[in-house]
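Source file: model_15.csv (CSV, C-alpha atoms)
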```csv
chain,number,residue,atom,x,y,z
A,21,MET,CA,19.9,-59.0,11.3
A,22,LYS,CA,23.2,-58.3,12.9
A,23,TYR,CA,25.5,-55.7,11.5
A,24,VAL,CA,28.6,-53.6,12.0
A,25,MET,CA,28.9,-49.8,11.4
A,26,THR,CA,31.5,-47.3,10.5
A,27,PRO,CA,30.6,-43.6,10.7
A,28,HIS,CA,31.9,-41.0,8.3
A,29,ARG,CA,32.2,-37.4,9.5
A,30,HIS,CA,30.8,-38.4,13.0
A,31,ALA,CA,27.5,-39.6,11.6
A,32,ASP,CA,27.0,-41.8,14.7
A,33,VAL,CA,27.3,-38.9,17.1
A,34,ILE,CA,25.1,-36.7,14.9
A,35,PHE,CA,22.4,-39.4,14.8
A,36,GLN,CA,22.4,-39.5,18.6
A,37,THR,CA,22.4,-35.7,19.3
A,38,ASN,CA,20.2,-34.3,16.5
A,39,GLU,CA,16.6,-35.0,17.7
A,40,ASP,CA,15.1,-35.3,14.2
A,41,LEU,CA,17.8,-37.5,12.8
A,42,ARG,CA,17.9,-39.6,15.9
A,43,ASP,CA,14.2,-40.5,15.5
A,44,LEU,CA,14.8,-41.4,11.8
A,45,TRP,CA,17.9,-43.5,12.7
A,46,LEU,CA,15.9,-45.4,15.3
A,47,GLU,CA,13.3,-46.3,12.7
A,48,VAL,CA,16.0,-47.7,10.4
A,49,LYS,CA,17.7,-49.5,13.3
A,50,ALA,CA,14.3,-51.0,14.3
A,51,VAL,CA,13.8,-52.3,10.7
A,52,LEU,CA,17.2,-53.9,10.5
A,53,ASP,CA,17.1,-55.4,14.1
A,54,GLY,CA,13.6,-56.8,13.3
A,55,ILE,CA,14.6,-58.9,10.3
A,56,SER,CA,15.0,-62.5,11.5
A,57,ASP,CA,16.6,-65.5,9.8
A,58,GLU,CA,13.1,-66.9,9.5
A,59,ASP,CA,12.0,-63.8,7.7
A,60,LEU,CA,14.9,-64.1,5.3
A,61,ILE,CA,14.2,-67.8,4.6
A,62,LYS,CA,10.5,-67.3,4.0
A,63,ARG,CA,10.9,-64.2,1.7
A,64,HIS,CA,13.7,-65.9,-0.2
A,65,ASN,CA,11.6,-69.0,-0.8
A,66,ASP,CA,8.7,-66.9,-1.8
A,67,ILE,CA,10.9,-65.1,-4.4
A,68,LEU,CA,12.1,-68.5,-5.7
A,69,LYS,CA,8.5,-69.4,-6.7
A,70,THR,CA,8.4,-66.6,-9.4
A,71,GLN,CA,12.2,-66.0,-9.9
A,72,PRO,CA,13.6,-69.6,-9.7
A,73,GLU,CA,17.1,-68.5,-10.8
A,74,THR,CA,17.6,-66.3,-7.8
A,75,LYS,CA,21.0,-67.2,-6.2
A,76,SER,CA,21.3,-65.0,-3.2
A,77,ILE,CA,19.3,-63.5,-0.4
A,78,SER,CA,19.9,-60.0,-1.6
A,79,LYS,CA,16.4,-59.7,-3.1
A,80,ALA,CA,14.9,-60.9,0.1
A,81,ILE,CA,16.8,-58.4,2.2
A,82,ASN,CA,15.9,-55.6,-0.2
A,83,ALA,CA,12.2,-56.6,-0.2
A,84,LEU,CA,12.0,-56.7,3.6
A,85,ILE,CA,13.8,-53.4,4.1
A,86,LYS,CA,11.6,-51.7,1.5
A,87,GLU,CA,8.4,-53.2,3.0
A,88,ARG,CA,9.2,-52.2,6.5
A,89,LEU,CA,10.6,-48.7,5.8
A,90,GLU,CA,7.6,-47.9,3.7
A,91,ALA,CA,5.3,-49.0,6.6
A,92,LYS,CA,7.1,-46.2,8.6
A,93,LYS,CA,6.4,-43.7,5.8
A,94,TRP,CA,9.8,-43.6,4.2
A,95,HIS,CA,9.7,-42.7,0.5
A,96,SER,CA,11.3,-45.2,-1.9
A,97,GLU,CA,12.8,-44.4,-5.2
A,98,SER,CA,13.0,-40.7,-4.3
A,99,GLU,CA,14.2,-38.4,-7.1
A,100,ILE,CA,17.2,-36.2,-6.0
A,101,PHE,CA,16.6,-33.5,-8.6
A,102,ALA,CA,13.4,-31.7,-9.8
A,103,ASP,CA,14.9,-30.9,-13.2
A,104,PRO,CA,13.2,-33.3,-15.7
A,105,ASN,CA,16.5,-33.9,-17.4
A,106,TYR,CA,17.7,-35.7,-14.3
A,107,ARG,CA,14.6,-37.7,-13.6
A,108,GLY,CA,14.2,-41.1,-15.2
A,109,ARG,CA,13.5,-44.8,-14.9
A,110,ASP,CA,17.1,-46.1,-14.7
A,111,GLY,CA,17.6,-44.9,-11.1
A,112,THR,CA,20.8,-43.0,-11.7
A,113,TRP,CA,19.5,-39.9,-9.9
A,114,ARG,CA,17.3,-41.6,-7.4
A,115,LEU,CA,17.7,-42.5,-3.7
A,116,ASP,CA,16.6,-45.9,-2.5
A,117,PHE,CA,14.8,-44.2,0.5
A,118,ALA,CA,14.5,-40.8,2.1
A,119,LYS,CA,12.4,-39.3,4.8
A,120,GLY,CA,12.1,-35.9,6.5
A,121,GLU,CA,12.8,-32.3,5.5
A,122,ASN,CA,16.6,-32.1,5.9
A,123,GLY,CA,16.3,-35.7,7.0
A,124,ILE,CA,18.2,-38.9,6.0
A,125,SER,CA,18.7,-40.6,2.7
A,126,ILE,CA,19.4,-44.4,2.4
A,127,GLU,CA,21.2,-46.4,-0.2
A,128,VAL,CA,21.0,-50.2,-0.1
A,129,ALA,CA,24.0,-51.2,-2.1
A,130,PHE,CA,24.2,-54.8,-3.4
A,131,ASN,CA,25.4,-53.8,-6.8
A,132,HIS,CA,28.8,-54.2,-8.5
A,133,GLY,CA,31.9,-53.1,-6.6
A,134,GLY,CA,32.7,-50.6,-9.4
A,135,ASN,CA,29.7,-48.5,-8.2
A,136,CYS,CA,31.0,-48.0,-4.7
A,137,SER,CA,32.0,-44.4,-5.2
A,138,TRP,CA,28.7,-43.5,-6.8
A,139,ASN,CA,26.7,-45.1,-4.0
A,140,LEU,CA,28.7,-42.9,-1.6
A,141,ILE,CA,28.2,-39.8,-3.6
A,142,LYS,CA,24.4,-40.0,-4.0
A,143,PRO,CA,23.7,-39.1,-0.3
A,144,VAL,CA,26.1,-36.1,-0.8
A,145,LEU,CA,24.1,-35.0,-3.9
A,146,ALA,CA,20.9,-35.2,-1.8
A,147,SER,CA,22.4,-33.2,1.0
A,148,GLU,CA,24.6,-30.5,-0.5
A,149,LEU,CA,23.7,-27.4,-2.6
A,150,ASN,CA,23.7,-28.1,-6.3
A,151,HIS,CA,23.5,-26.2,-9.6
A,152,VAL,CA,20.5,-28.5,-10.5
A,153,LYS,CA,17.2,-27.8,-8.8
A,154,LYS,CA,16.6,-30.3,-6.0
A,155,ALA,CA,13.5,-32.4,-5.5
A,156,ILE,CA,14.6,-33.5,-2.0
A,157,GLN,CA,17.0,-32.2,0.6
A,158,THR,CA,18.6,-34.3,3.3
A,159,GLN,CA,21.5,-33.7,5.7
A,160,ALA,CA,22.9,-37.2,6.3
A,161,GLY,CA,23.0,-40.6,4.7
A,162,ILE,CA,23.0,-44.3,5.5
A,163,LEU,CA,24.6,-46.8,3.2
A,164,ILE,CA,23.6,-50.5,3.8
A,165,CYS,CA,25.8,-53.2,2.2
A,166,ALA,CA,26.9,-56.8,2.8
A,167,THR,CA,30.1,-57.7,4.6
A,168,ASN,CA,32.4,-60.2,3.0
A,169,LYS,CA,31.1,-62.9,5.4
A,170,MET,CA,27.5,-62.1,4.4
A,171,LYS,CA,28.5,-62.3,0.7
A,172,LYS,CA,29.8,-65.8,1.2
A,173,ALA,CA,27.0,-67.1,3.4
A,174,GLY,CA,24.2,-65.3,1.5
A,175,GLY,CA,25.1,-66.5,-1.9
A,176,PHE,CA,26.0,-63.1,-3.3
A,177,ASP,CA,28.0,-62.7,-6.5
A,178,GLY,CA,31.7,-62.1,-5.9
A,179,ALA,CA,31.6,-58.9,-7.8
A,180,VAL,CA,29.2,-57.2,-5.4
A,181,GLY,CA,30.7,-54.3,-3.5
A,182,SER,CA,31.3,-55.3,0.1
A,183,TYR,CA,31.3,-53.3,3.4
A,184,GLU,CA,35.1,-53.7,3.5
A,185,LYS,CA,35.4,-52.3,0.0
A,186,PHE,CA,33.3,-49.3,0.8
A,187,LEU,CA,35.5,-48.6,3.8
A,188,GLU,CA,38.5,-48.6,1.5
A,189,TYR,CA,36.8,-45.9,-0.6
A,190,LEU,CA,36.0,-43.6,2.3
A,191,LYS,CA,39.5,-42.4,3.0
A,192,PRO,CA,40.6,-41.3,-0.6
A,193,LEU,CA,37.1,-39.8,-1.1
A,194,SER,CA,36.9,-38.1,2.2
A,195,ASN,CA,37.2,-34.5,0.9
A,196,LEU,CA,34.6,-35.2,-1.7
A,197,LEU,CA,32.1,-36.5,0.9
A,198,PRO,CA,31.3,-33.6,3.2
A,199,THR,CA,28.0,-35.3,4.3
A,200,PRO,CA,27.8,-37.4,7.4
A,201,ILE,CA,27.3,-41.0,6.3
A,202,LEU,CA,26.8,-44.1,8.4
A,203,VAL,CA,28.1,-47.2,6.5
A,204,ILE,CA,26.4,-50.4,7.7
A,205,GLY,CA,27.7,-53.9,6.9
A,206,LEU,CA,25.2,-56.7,7.2
A,207,LEU,CA,26.6,-59.8,8.9
A,208,PRO,CA,25.7,-63.4,7.8
A,209,PRO,CA,22.7,-65.2,9.2
A,210,LYS,CA,23.3,-67.3,12.3
A,211,THR,CA,21.2,-70.3,11.5
A,212,PHE,CA,21.5,-70.8,7.7
A,213,LYS,CA,23.6,-70.3,4.6
A,214,VAL,CA,22.8,-70.2,0.9
A,215,VAL,CA,23.9,-73.2,-1.1
A,216,GLN,CA,23.9,-73.4,-4.9
A,217,ARG,CA,21.9,-76.3,-6.1
A,218,ARG,CA,20.6,-77.3,-9.6
A,219,ASP,CA,16.9,-77.9,-10.1
A,220,GLU,CA,15.2,-80.3,-12.5
A,221,HIS,CA,15.8,-77.8,-15.3
A,222,ASN,CA,19.5,-77.7,-14.5
A,223,ARG,CA,19.2,-74.1,-13.3
A,224,ARG,CA,21.5,-73.0,-10.4
A,225,ILE,CA,19.3,-71.9,-7.5
A,226,GLY,CA,20.3,-70.6,-4.1
A,227,ARG,CA,18.7,-72.8,-1.4
A,228,CYS,CA,18.7,-72.0,2.3
A,229,GLU,CA,20.6,-74.7,4.2
A,230,MET,CA,20.3,-74.9,8.0
A,231,ILE,CA,23.8,-74.7,9.5
A,232,GLU,CA,23.1,-77.0,12.4
A,233,THR,CA,21.5,-79.9,10.5
A,234,GLY,CA,22.4,-79.4,6.8
A,235,GLU,CA,18.7,-79.6,6.0
A,236,LEU,CA,17.7,-77.5,3.0
A,237,ARG,CA,14.7,-75.2,3.4
```
Written as structure tokens, that's how I'd like the structure from this file.
Amino acid sequence: MKYVMTPHRHADVIFQTNEDLRDLWLEVKAVLDGISDEDLIKRHNDILKTQPETKSISKAINALIKERLEAKKWHSESEIFADPNYRGRDGTWRLDFAKGENGISIEVAFNHGGNCSWNLIKPVLASELNHVKKAIQTQAGILICATNKMKKAGGFDGAVGSYEKFLEYLKPLSNLLPTPILVIGLLPPKTFKVVQRRDEHNRRIGRCEMIETGELR
């Protein structure tokens, strides 16, 4: 996949100069760089077999990132706090991924735009001292989201928070976000787009349509 990046508090420089963080960042970069359009189409079509009302490629992206980060020993669904009062199934106090003692936490944010500030704050909770006992300690964060162009081409719901929206939040929240965070905006696929079609049961389904030929896949 192709993407654009905006660093908060010099995250890009820190990822290049801190040896431990550089190695972790290179793992994340390799995962994102390694996801092809063909990978997205195949995984999306596989998901449609069991979840036919899937409208966007967000689940495919999530699944591929999860699968490939876990193969590199990243921990998924990591609890931020050790206190049992802040550990639960709803994911409120969890990170999508984390790795390394004083390493990096990752949020893959394809949820509602109203959650933008919370998605930005979670890496801070994982990195800063807190009155609640910590289960994990990181020192930087990565936030992966969809650009407006990806939202349109990938069939995303219009209410999903975009890369551009996250950047709007960075400035007013700057003093509340002392942790270096790299915000990554995923760009649309080069060879296909998601088109909403109705199936034989009149359900709206997101089908992958090749841009060059218009052929549905």
### Task
Check the smallest atom-to-atom distance from each of A:Lys119, A:Lys75, A:Arg29, A:Lys185 to Lys92 in chain A using all atoms listed in the file, then report the winner.
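Of all the options, A:Lys119 lies closest to Lys92 in chain A.
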### Message
Need the shell around range 83-90 of chain A: protein/DNA/RNA residues with any atom at most 9 Å away, counting only C-alpha atoms. Skip same-chain ones fewer than 6 positions apart. Format as an MDAnalysis selection string?
### Response
chainID A and resid 47:48 51:52 55 59:60 63 96 116:117 128
Go ahead and dump the residues you just picked, C-alpha atoms, as a short mmCIF file (atom, residue, chain, number, x, y, z; two decimals), in the coordinates of the input.
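Generated file (again-v9.cif):
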```cif
data_model
loop_
_atom_site.label_atom_id
_atom_site.label_comp_id
_atom_site.auth_asym_id
_atom_site.auth_seq_id
_atom_site.Cartn_x
_atom_site.Cartn_y
_atom_site.Cartn_z
CA GLU A 47 13.30 -46.30 12.70
CA VAL A 48 16.00 -47.70 10.40
CA VAL A 51 13.80 -52.30 10.70
CA LEU A 52 17.20 -53.90 10.50
CA ILE A 55 14.60 -58.90 10.30
CA ASP A 59 12.00 -63.80 7.70
CA LEU A 60 14.90 -64.10 5.30
CA ARG A 63 10.90 -64.20 1.70
CA SER A 96 11.30 -45.20 -1.90
CA ASP A 116 16.60 -45.90 -2.50
CA PHE A 117 14.80 -44.20 0.50
CA VAL A 128 21.00 -50.20 -0.10
#
```
### Task
Grab the CA of Ser137 in chain A to CA of Lys93 in chain A distance for me, in Å with one decimal place.
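Computed distance, CA of Ser137 in chain A to CA of Lys93 in chain A, equals 27.9 Å.
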### Message
Would you compute the distance between CA of Asp40 in chain A and CA of Ala118 in chain A? Give it in Å to one decimal.
### Response
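Spanning CA of Asp40 in chain A to CA of Ala118 in chain A is a straight-line distance of 13.3 Å.
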#### Entry: Between CA of Asn131 in chain A and CA of Arg223 in chain A - distance in Å to one decimal
22.2 Å
### Query
If you count all atoms listed in the file, which residues fall within 8 Å of Met170 in chain A, apart from same-chain ones fewer than 4 positions away, as a list in words?
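Residues near the query, excluding close chain neighbours: Ala166, Gly174, Phe176, Leu206, Leu207, Pro208 and Pro209 of chain A.
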Store the residues of this selection in a file with C-alpha atoms, as a compact mmCIF listing (two decimals), keeping the file's coordinate frame.
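Below is the file result21.txt, written as the result:
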```txt
# COMPACT_ATOMS: atom_id res chain seq x y z
CA ALA A 166 26.90 -56.80 2.80
CA GLY A 174 24.20 -65.30 1.50
CA PHE A 176 26.00 -63.10 -3.30
CA LEU A 206 25.20 -56.70 7.20
CA LEU A 207 26.60 -59.80 8.90
CA PRO A 208 25.70 -63.40 7.80
CA PRO A 209 22.70 -65.20 9.20
```
For range 177-213 of chain A, supply N, CA and C atoms and report the output as a PDB file, keeping the file's coordinate frame.
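Output file selection.pdb is given in full below:
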```
ATOM      1  N   ASP A 177      26.943 -62.633  -5.447  1.00  0.00           N
ATOM      2  CA  ASP A 177      28.000 -62.700  -6.500  1.00  0.00           C
ATOM      3  C   ASP A 177      29.248 -62.057  -5.980  1.00  0.00           C
ATOM      4  N   GLY A 178      30.365 -62.628  -6.365  1.00  0.00           N
ATOM      5  CA  GLY A 178      31.700 -62.100  -5.900  1.00  0.00           C
ATOM      6  C   GLY A 178      31.968 -60.715  -6.284  1.00  0.00           C
ATOM      7  N   ALA A 179      31.328 -60.225  -7.356  1.00  0.00           N
ATOM      8  CA  ALA A 179      31.600 -58.900  -7.800  1.00  0.00           C
ATOM      9  C   ALA A 179      30.860 -57.785  -7.074  1.00  0.00           C
ATOM     10  N   VAL A 180      29.952 -58.182  -6.196  1.00  0.00           N
ATOM     11  CA  VAL A 180      29.200 -57.200  -5.400  1.00  0.00           C
ATOM     12  C   VAL A 180      30.097 -56.435  -4.479  1.00  0.00           C
ATOM     13  N   GLY A 181      29.922 -55.134  -4.417  1.00  0.00           N
ATOM     14  CA  GLY A 181      30.700 -54.300  -3.500  1.00  0.00           C
ATOM     15  C   GLY A 181      30.435 -54.625  -2.065  1.00  0.00           C
ATOM     16  N   SER A 182      31.470 -54.870  -1.284  1.00  0.00           N
ATOM     17  CA  SER A 182      31.300 -55.300   0.100  1.00  0.00           C
ATOM     18  C   SER A 182      31.509 -54.078   1.062  1.00  0.00           C
ATOM     19  N   TYR A 183      31.101 -54.285   2.287  1.00  0.00           N
ATOM     20  CA  TYR A 183      31.300 -53.300   3.400  1.00  0.00           C
ATOM     21  C   TYR A 183      32.809 -52.953   3.447  1.00  0.00           C
ATOM     22  N   GLU A 184      33.658 -53.972   3.394  1.00  0.00           N
ATOM     23  CA  GLU A 184      35.100 -53.700   3.500  1.00  0.00           C
ATOM     24  C   GLU A 184      35.605 -52.887   2.319  1.00  0.00           C
ATOM     25  N   LYS A 185      35.031 -53.082   1.143  1.00  0.00           N
ATOM     26  CA  LYS A 185      35.400 -52.300   0.000  1.00  0.00           C
ATOM     27  C   LYS A 185      34.971 -50.846   0.118  1.00  0.00           C
ATOM     28  N   PHE A 186      33.760 -50.655   0.637  1.00  0.00           N
ATOM     29  CA  PHE A 186      33.300 -49.300   0.800  1.00  0.00           C
ATOM     30  C   PHE A 186      34.180 -48.542   1.816  1.00  0.00           C
ATOM     31  N   LEU A 187      34.660 -49.212   2.846  1.00  0.00           N
ATOM     32  CA  LEU A 187      35.500 -48.600   3.800  1.00  0.00           C
ATOM     33  C   LEU A 187      36.852 -48.146   3.145  1.00  0.00           C
ATOM     34  N   GLU A 188      37.326 -48.936   2.197  1.00  0.00           N
ATOM     35  CA  GLU A 188      38.500 -48.600   1.500  1.00  0.00           C
ATOM     36  C   GLU A 188      38.329 -47.268   0.679  1.00  0.00           C
ATOM     37  N   TYR A 189      37.119 -47.061   0.186  1.00  0.00           N
ATOM     38  CA  TYR A 189      36.800 -45.900  -0.600  1.00  0.00           C
ATOM     39  C   TYR A 189      36.674 -44.618   0.246  1.00  0.00           C
ATOM     40  N   LEU A 190      36.288 -44.774   1.505  1.00  0.00           N
ATOM     41  CA  LEU A 190      36.000 -43.600   2.300  1.00  0.00           C
ATOM     42  C   LEU A 190      37.208 -42.678   2.490  1.00  0.00           C
ATOM     43  N   LYS A 191      38.378 -43.241   2.704  1.00  0.00           N
ATOM     44  CA  LYS A 191      39.500 -42.400   3.000  1.00  0.00           C
ATOM     45  C   LYS A 191      39.945 -41.545   1.772  1.00  0.00           C
ATOM     46  N   PRO A 192      40.166 -42.127   0.574  1.00  0.00           N
ATOM     47  CA  PRO A 192      40.600 -41.300  -0.600  1.00  0.00           C
ATOM     48  C   PRO A 192      39.453 -40.318  -1.008  1.00  0.00           C
ATOM     49  N   LEU A 193      38.201 -40.678  -0.734  1.00  0.00           N
ATOM     50  CA  LEU A 193      37.100 -39.800  -1.100  1.00  0.00           C
ATOM     51  C   LEU A 193      36.659 -38.839  -0.054  1.00  0.00           C
ATOM     52  N   SER A 194      37.362 -38.834   1.054  1.00  0.00           N
ATOM     53  CA  SER A 194      36.900 -38.100   2.200  1.00  0.00           C
ATOM     54  C   SER A 194      36.605 -36.621   1.911  1.00  0.00           C
ATOM     55  N   ASN A 195      37.466 -35.939   1.178  1.00  0.00           N
ATOM     56  CA  ASN A 195      37.200 -34.500   0.900  1.00  0.00           C
ATOM     57  C   ASN A 195      36.077 -34.295  -0.074  1.00  0.00           C
ATOM     58  N   LEU A 196      35.678 -35.358  -0.780  1.00  0.00           N
ATOM     59  CA  LEU A 196      34.600 -35.200  -1.700  1.00  0.00           C
ATOM     60  C   LEU A 196      33.232 -35.651  -1.068  1.00  0.00           C
ATOM     61  N   LEU A 197      33.311 -36.079   0.202  1.00  0.00           N
ATOM     62  CA  LEU A 197      32.100 -36.500   0.900  1.00  0.00           C
ATOM     63  C   LEU A 197      31.913 -35.722   2.175  1.00  0.00           C
ATOM     64  N   PRO A 198      31.440 -34.478   2.046  1.00  0.00           N
ATOM     65  CA  PRO A 198      31.300 -33.600   3.200  1.00  0.00           C
ATOM     66  C   PRO A 198      30.046 -34.027   4.081  1.00  0.00           C
ATOM     67  N   THR A 199      29.194 -34.866   3.561  1.00  0.00           N
ATOM     68  CA  THR A 199      28.000 -35.300   4.300  1.00  0.00           C
ATOM     69  C   THR A 199      28.246 -36.379   5.260  1.00  0.00           C
ATOM     70  N   PRO A 200      27.698 -36.308   6.463  1.00  0.00           N
ATOM     71  CA  PRO A 200      27.800 -37.400   7.400  1.00  0.00           C
ATOM     72  C   PRO A 200      27.108 -38.674   6.823  1.00  0.00           C
ATOM     73  N   ILE A 201      27.822 -39.774   6.796  1.00  0.00           N
ATOM     74  CA  ILE A 201      27.300 -41.000   6.300  1.00  0.00           C
ATOM     75  C   ILE A 201      27.598 -42.156   7.216  1.00  0.00           C
ATOM     76  N   LEU A 202      26.612 -42.959   7.532  1.00  0.00           N
ATOM     77  CA  LEU A 202      26.800 -44.100   8.400  1.00  0.00           C
ATOM     78  C   LEU A 202      26.823 -45.358   7.429  1.00  0.00           C
ATOM     79  N   VAL A 203      27.964 -46.041   7.357  1.00  0.00           N
ATOM     80  CA  VAL A 203      28.100 -47.200   6.500  1.00  0.00           C
ATOM     81  C   VAL A 203      27.797 -48.462   7.361  1.00  0.00           C
ATOM     82  N   ILE A 204      26.792 -49.226   6.954  1.00  0.00           N
ATOM     83  CA  ILE A 204      26.400 -50.400   7.700  1.00  0.00           C
ATOM     84  C   ILE A 204      26.659 -51.658   6.911  1.00  0.00           C
ATOM     85  N   GLY A 205      27.382 -52.584   7.535  1.00  0.00           N
ATOM     86  CA  GLY A 205      27.700 -53.900   6.900  1.00  0.00           C
ATOM     87  C   GLY A 205      26.907 -54.983   7.516  1.00  0.00           C
ATOM     88  N   LEU A 206      26.085 -55.642   6.723  1.00  0.00           N
ATOM     89  CA  LEU A 206      25.200 -56.700   7.200  1.00  0.00           C
ATOM     90  C   LEU A 206      26.069 -57.986   7.443  1.00  0.00           C
ATOM     91  N   LEU A 207      25.897 -58.598   8.601  1.00  0.00           N
ATOM     92  CA  LEU A 207      26.600 -59.800   8.900  1.00  0.00           C
ATOM     93  C   LEU A 207      25.778 -61.037   8.495  1.00  0.00           C
ATOM     94  N   PRO A 208      26.409 -62.201   8.346  1.00  0.00           N
ATOM     95  CA  PRO A 208      25.700 -63.400   7.800  1.00  0.00           C
ATOM     96  C   PRO A 208      24.650 -63.890   8.818  1.00  0.00           C
ATOM     97  N   PRO A 209      23.656 -64.611   8.319  1.00  0.00           N
ATOM     98  CA  PRO A 209      22.700 -65.200   9.200  1.00  0.00           C
ATOM     99  C   PRO A 209      23.341 -66.190  10.180  1.00  0.00           C
ATOM    100  N   LYS A 210      22.739 -66.372  11.329  1.00  0.00           N
ATOM    101  CA  LYS A 210      23.300 -67.300  12.300  1.00  0.00           C
ATOM    102  C   LYS A 210      22.908 -68.726  12.097  1.00  0.00           C
ATOM    103  N   THR A 211      21.731 -68.965  11.505  1.00  0.00           N
ATOM    104  CA  THR A 211      21.200 -70.300  11.500  1.00  0.00           C
ATOM    105  C   THR A 211      21.214 -70.988  10.098  1.00  0.00           C
ATOM    106  N   PHE A 212      21.515 -70.226   9.031  1.00  0.00           N
ATOM    107  CA  PHE A 212      21.500 -70.800   7.700  1.00  0.00           C
ATOM    108  C   PHE A 212      22.525 -70.182   6.788  1.00  0.00           C
ATOM    109  N   LYS A 213      22.791 -70.856   5.685  1.00  0.00           N
ATOM    110  CA  LYS A 213      23.600 -70.300   4.600  1.00  0.00           C
ATOM    111  C   LYS A 213      22.942 -70.653   3.292  1.00  0.00           C
TER     112      LYS A 213
END
```
